[in-house]
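Worksheet for the structure shown next.
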Number of protein chains: 2
Amino acid sequence: VPTMRADARRNLDAVVEAARTVFAEQGVDAPVRAIAAEAGVGVGTLYRHFPQRADLVVAVFTQAVDACAAEAPRYAAELAPGEALAAWLRRFLGFVATKRGLAGALHSGDPSYAALPDYFLGHLGPALAELYDAAVAAGEAKPGYEPRQLLTAVANLAHSDPSGTMVDLLIEGLRTAR
Amino acid sequence: VPTMRADARRNLDAVVEAARTVFAEQGVDAPVRAIAAEAGVGVGTLYRHFPQRADLVVAVFTQAVDACAAEAPRYAAELAPGEALAAWLRRFLGFVATKRGLAGALHSGDPSYAALPDYFLGHLGPALAELYDAAVAAGEAKPGYEPRQLLTAVANLAHSDPSGTMVDLLIEGLRTAR
């Protein structure tokens with residue numbers, strides 16, 4: 001939304017952030033009124049930005065994807081390649097927790113959500129690929145894996161292990177020299 | 001069934017084996033007639049052993065658990081502790097595939113299946129614990145994990161990775177010296 005005024009942008013960000021919090025606490029069927037209150041905006045303002053509940057769910061999901069993807073270059077700049085890869089995969093666990101909160105909506109078959117899996121893979125796949133390729137090039141990760149395969153594995157493990165104990169084992173296996 | 005005659009025992013084994021095959025190919029709603037034909041017995045014989053379809057599903061599931069658990073002491077006798085642990089976790093993947101074929105029935109809420117999760121953990125948990133403890137004692141696996149946690153992790157990974165590529169990473173992470 002390139003021409004949005006600064007205060008409108010602030011409101012929009014506050015609503016998405018509030019929706020993330022309220023969805024996590026109360027589920028995606030939480031009252032819109034609760035989200036507006038959490039954001040400190042009127043219900044009218046909320047509806048102006050997000051006419052449908054699905055619009056809010058999409059915004060929360062894409063914001064979480066964007067935030068996770070944005071960490072990749074930061075970790076790459078600050079950490080050794082193998083460490084950056086490991087740190088980002090653990091960060092991705094946090095995204096998966098967000099995704100779980102939205103799962104009921106995302107798997108509802110609502111066509112509003114049809115583009116989200118592509119958005120997810122299209123943003124997180126390349127973010128991981130850059131870290132993984134750098135770690136492989138530095139001899140700090142095993143070659144031959146697909147980013148999509150690793151994302152799916154971490155997401156599946158997180159399902160029963162939100163603390164990441166099993167994900168850490170997977171990461172150590174990935175980082176072990178062949 | 002200790003006093004069963006040898007030919008009756010053979011029939012029963014053949015029916016369970018046939019049910020396993022037919023369920024895997026056609027799902028758990030496959031016609032009983034197809035299972036009897038595969039086993040080379042009459043439908044009457046099949047019903048005598050397994051009056052309800054649920055009886056057959058339970059038999060296939062428990063037979064798969066027993067077969068998987070029985071491999072643990074064999075691997076322990078034949079392989080180094082870390083190798084035995086790894087080989088058995090890969091073998092467990094084969095069990096998970098069986099379990100997936102039965103998932104529709106197992107998750108149906110039918111009370112006939114209520115005892116199966118305990119049967120699963122009660123047999124496979126100790127089988128894995130023995131291999132894992134031996135590998136830890138030999139310095140060939142990291143200490144501090146629960147068999148149940150490892151079984152769940154492998155099962156979750158197998159969900160999207162039946163070939164075991166990701167399970168192998170997890171195993172390598174587990175076997176890496178701390």
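Each chain in the structure tokens gets a letter, A, B and so on, in the order shown; residues start at 1 in every chain, and ligands are counted from 1 in the order they appear.
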Enumerate, in order of chain and increasing residue number, the residues of chain B with an atom no farther than 12 Å from chain A, each with its shortest atom pair and distance in Å to one decimal, counting only C-alpha atoms, as CSV.
```
residue,atom,partner,partner_atom,distance
B:Ala141,CA,A:Leu169,CA,11.1
B:Lys142,CA,A:Leu169,CA,9.6
B:Pro143,CA,A:Leu169,CA,11.9
B:Gly144,CA,A:Thr165,CA,10.5
B:Tyr145,CA,A:Thr165,CA,8.9
B:Glu146,CA,A:Met166,CA,10.8
B:Pro147,CA,A:Met166,CA,11.9
B:Arg148,CA,A:Ser160,CA,10.9
B:Gln149,CA,A:Met166,CA,8.1
B:Leu150,CA,A:Met166,CA,7.8
B:Leu151,CA,A:Met166,CA,10.8
B:Thr152,CA,A:Ser160,CA,7.3
B:Ala153,CA,A:Leu157,CA,5.8
B:Val154,CA,A:Leu157,CA,8.4
B:Ala155,CA,A:Leu157,CA,9.1
B:Asn156,CA,A:Asn156,CA,5.6
B:Leu157,CA,A:Ala153,CA,5.8
B:Ala158,CA,A:Ala153,CA,8.9
B:His159,CA,A:Asn156,CA,7.8
B:Ser160,CA,A:Thr152,CA,7.3
B:Asp161,CA,A:Ala153,CA,8.0
B:Pro162,CA,A:Ala153,CA,11.5
B:Ser163,CA,A:Gln149,CA,11.8
B:Gly164,CA,A:Ala153,CA,10.8
B:Thr165,CA,A:Tyr145,CA,8.9
B:Met166,CA,A:Ala153,CA,6.7
B:Val167,CA,A:Leu170,CA,8.1
B:Asp168,CA,A:Gly173,CA,7.9
B:Leu169,CA,A:Gly173,CA,4.5
B:Leu170,CA,A:Leu170,CA,4.2
B:Ile171,CA,A:Gly173,CA,7.0
B:Glu172,CA,A:Gly173,CA,4.6
B:Gly173,CA,A:Gly173,CA,3.7
B:Leu174,CA,A:Leu169,CA,5.9
B:Arg175,CA,A:Gly173,CA,8.4
B:Thr176,CA,A:Gly173,CA,7.5
B:Ala177,CA,A:Glu172,CA,10.2
B:Arg178,CA,A:Glu172,CA,9.9
```
Neighbouring residues of range 51-67 of chain B were defined as those with any atom within 8 Å, considering only C-alpha atoms; residues of the same chain fewer than 3 positions away were excluded. Please report them as a JSON list (two decimals) with N, CA, C and O atoms, in the first residue's frame.
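The result, stored in selection-v3.json:
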```json
[["chain", "number", "residue", "atom", "x", "y", "z"],
["B", 16, "VAL", "N", -4.48, -62.83, 8.45],
["B", 16, "VAL", "CA", -3.91, -61.55, 8.92],
["B", 16, "VAL", "C", -2.96, -60.98, 7.85],
["B", 16, "VAL", "O", -3.01, -59.80, 7.53],
["B", 17, "GLU", "N", -2.13, -61.87, 7.31],
["B", 17, "GLU", "CA", -1.20, -61.46, 6.25],
["B", 17, "GLU", "C", -1.97, -60.94, 5.03],
["B", 17, "GLU", "O", -1.63, -59.90, 4.46],
["B", 19, "ALA", "N", -5.03, -59.73, 5.02],
["B", 19, "ALA", "CA", -5.70, -58.48, 5.38],
["B", 19, "ALA", "C", -4.71, -57.32, 5.29],
["B", 19, "ALA", "O", -5.04, -56.23, 4.80],
["B", 20, "ARG", "N", -3.50, -57.55, 5.76],
["B", 20, "ARG", "CA", -2.46, -56.52, 5.69],
["B", 20, "ARG", "C", -2.26, -56.08, 4.24],
["B", 20, "ARG", "O", -2.26, -54.89, 3.91],
["B", 28, "VAL", "N", -9.00, -49.97, 4.32],
["B", 28, "VAL", "CA", -9.57, -50.87, 5.34],
["B", 28, "VAL", "C", -11.04, -51.20, 5.10],
["B", 28, "VAL", "O", -11.61, -52.00, 5.83],
["B", 46, "LEU", "N", -12.88, -67.12, 7.60],
["B", 46, "LEU", "CA", -12.45, -65.78, 7.98],
["B", 46, "LEU", "C", -13.35, -65.22, 9.09],
["B", 46, "LEU", "O", -12.86, -64.74, 10.11],
["B", 47, "TYR", "N", -14.65, -65.35, 8.90],
["B", 47, "TYR", "CA", -15.58, -64.80, 9.90],
["B", 47, "TYR", "C", -15.48, -65.54, 11.23],
["B", 47, "TYR", "O", -15.74, -64.97, 12.29],
["B", 48, "ARG", "N", -15.13, -66.85, 11.18],
["B", 48, "ARG", "CA", -15.00, -67.61, 12.42],
["B", 48, "ARG", "C", -13.87, -67.02, 13.27],
["B", 48, "ARG", "O", -14.00, -66.87, 14.48],
["B", 70, "ALA", "N", 10.02, -57.17, 17.64],
["B", 70, "ALA", "CA", 10.84, -58.39, 17.64],
["B", 70, "ALA", "C", 12.19, -58.18, 16.96],
["B", 70, "ALA", "O", 13.14, -58.93, 17.19],
["B", 71, "GLU", "N", 12.28, -57.15, 16.09],
["B", 71, "GLU", "CA", 13.55, -56.89, 15.40],
["B", 71, "GLU", "C", 14.58, -56.30, 16.35],
["B", 71, "GLU", "O", 15.78, -56.38, 16.08],
["B", 95, "PHE", "N", 6.83, -49.86, 9.84],
["B", 95, "PHE", "CA", 5.64, -49.98, 10.67],
["B", 95, "PHE", "C", 4.72, -48.78, 10.50],
["B", 95, "PHE", "O", 3.50, -48.92, 10.41],
["B", 98, "THR", "N", 2.46, -49.08, 7.60],
["B", 98, "THR", "CA", 1.32, -49.95, 7.90],
["B", 98, "THR", "C", 0.25, -49.17, 8.66],
["B", 98, "THR", "O", -0.93, -49.21, 8.34],
["B", 99, "LYS", "N", 0.73, -48.46, 9.65],
["B", 99, "LYS", "CA", -0.16, -47.68, 10.50],
["B", 99, "LYS", "C", -0.94, -46.66, 9.68],
["B", 99, "LYS", "O", -2.11, -46.43, 9.90],
["B", 102, "LEU", "N", -3.92, -47.97, 8.02],
["B", 102, "LEU", "CA", -5.03, -48.25, 8.93],
["B", 102, "LEU", "C", -5.59, -46.97, 9.57],
["B", 102, "LEU", "O", -6.53, -47.04, 10.36],
["B", 105, "ALA", "N", -9.36, -46.20, 9.94],
["B", 105, "ALA", "CA", -10.05, -46.99, 10.96],
["B", 105, "ALA", "C", -9.62, -46.57, 12.36],
["B", 105, "ALA", "O", -10.46, -46.33, 13.23],
["B", 112, "SER", "N", -13.31, -50.32, 19.61],
["B", 112, "SER", "CA", -12.48, -51.50, 19.38],
["B", 112, "SER", "C", -11.00, -51.15, 19.32],
["B", 112, "SER", "O", -10.14, -51.99, 19.55],
["B", 113, "TYR", "N", -10.71, -49.88, 18.95],
["B", 113, "TYR", "CA", -9.32, -49.49, 18.72],
["B", 113, "TYR", "C", -8.72, -48.71, 19.89],
["B", 113, "TYR", "O", -7.58, -48.28, 19.82],
["B", 116, "LEU", "N", -5.22, -49.62, 21.26],
["B", 116, "LEU", "CA", -4.07, -49.76, 20.36],
["B", 116, "LEU", "C", -2.93, -48.78, 20.63],
["B", 116, "LEU", "O", -1.77, -49.18, 20.58],
["B", 119, "TYR", "N", -0.98, -50.26, 23.28],
["B", 119, "TYR", "CA", -0.27, -51.45, 22.79],
["B", 119, "TYR", "C", 0.98, -51.03, 22.04],
["B", 119, "TYR", "O", 2.08, -51.58, 22.24],
["B", 120, "PHE", "N", 0.83, -50.05, 21.19],
["B", 120, "PHE", "CA", 1.92, -49.48, 20.39],
["B", 120, "PHE", "C", 3.06, -49.01, 21.29],
["B", 120, "PHE", "O", 4.20, -49.45, 21.17],
["B", 123, "HIS", "N", 4.79, -51.71, 23.56],
["B", 123, "HIS", "CA", 5.69, -52.68, 22.93],
["B", 123, "HIS", "C", 6.87, -52.01, 22.23],
["B", 123, "HIS", "O", 8.00, -52.48, 22.31],
["B", 124, "LEU", "N", 6.61, -50.92, 21.51],
["B", 124, "LEU", "CA", 7.70, -50.30, 20.75],
["B", 124, "LEU", "C", 8.55, -49.41, 21.64],
["B", 124, "LEU", "O", 9.75, -49.26, 21.40]]
```
Gly27 in chain B surroundings by only C-alpha atoms, 9 Å radius, close-in-sequence under 5 positions cut, as an MDAnalysis selection string: chainID B and resid 22 101:102 104
Keeping N, CA, C and O atoms, export the residues of the selection given above as a PDB file, in the first residue's frame.
```pdb
ATOM      1  N   VAL B  22      -4.277 -56.576   1.548  1.00  0.00           N
ATOM      2  CA  VAL B  22      -5.476 -56.025   0.913  1.00  0.00           C
ATOM      3  C   VAL B  22      -5.796 -54.635   1.480  1.00  0.00           C
ATOM      4  O   VAL B  22      -6.156 -53.716   0.734  1.00  0.00           O
ATOM      5  N   GLY B 101      -1.857 -46.917   6.585  1.00  0.00           N
ATOM      6  CA  GLY B 101      -2.916 -47.605   5.849  1.00  0.00           C
ATOM      7  C   GLY B 101      -4.152 -47.827   6.709  1.00  0.00           C
ATOM      8  O   GLY B 101      -5.265 -47.846   6.213  1.00  0.00           O
ATOM      9  N   LEU B 102      -3.922 -47.975   8.019  1.00  0.00           N
ATOM     10  CA  LEU B 102      -5.030 -48.247   8.934  1.00  0.00           C
ATOM     11  C   LEU B 102      -5.591 -46.975   9.569  1.00  0.00           C
ATOM     12  O   LEU B 102      -6.533 -47.041  10.360  1.00  0.00           O
ATOM     13  N   GLY B 104      -7.439 -44.478   8.834  1.00  0.00           N
ATOM     14  CA  GLY B 104      -8.866 -44.174   8.730  1.00  0.00           C
ATOM     15  C   GLY B 104      -9.662 -44.914   9.788  1.00  0.00           C
ATOM     16  O   GLY B 104     -10.516 -44.333  10.474  1.00  0.00           O
TER      17      GLY B 104
END
```
Selection: 12 Å around Glu83 in chain A, only C-alpha atoms, excl. self and same-chain fewer than 2 positions, as JSON, numbers by chain: {"A": [72, 75, 76, 77, 78, 79, 80, 81, 85, 86, 87, 88, 89, 90, 131, 132, 134, 135, 136, 138, 140, 141, 168, 171, 172, 174, 175]}
Every residue of chain B that DSSP places in helix (DSSP H, G or I), as a VMD selection string: chain B and resid 6 to 26 32 to 39 43 to 49 53 to 78 81 to 101 103 to 106 111 to 113 116 to 137 147 to 160 165 to 175
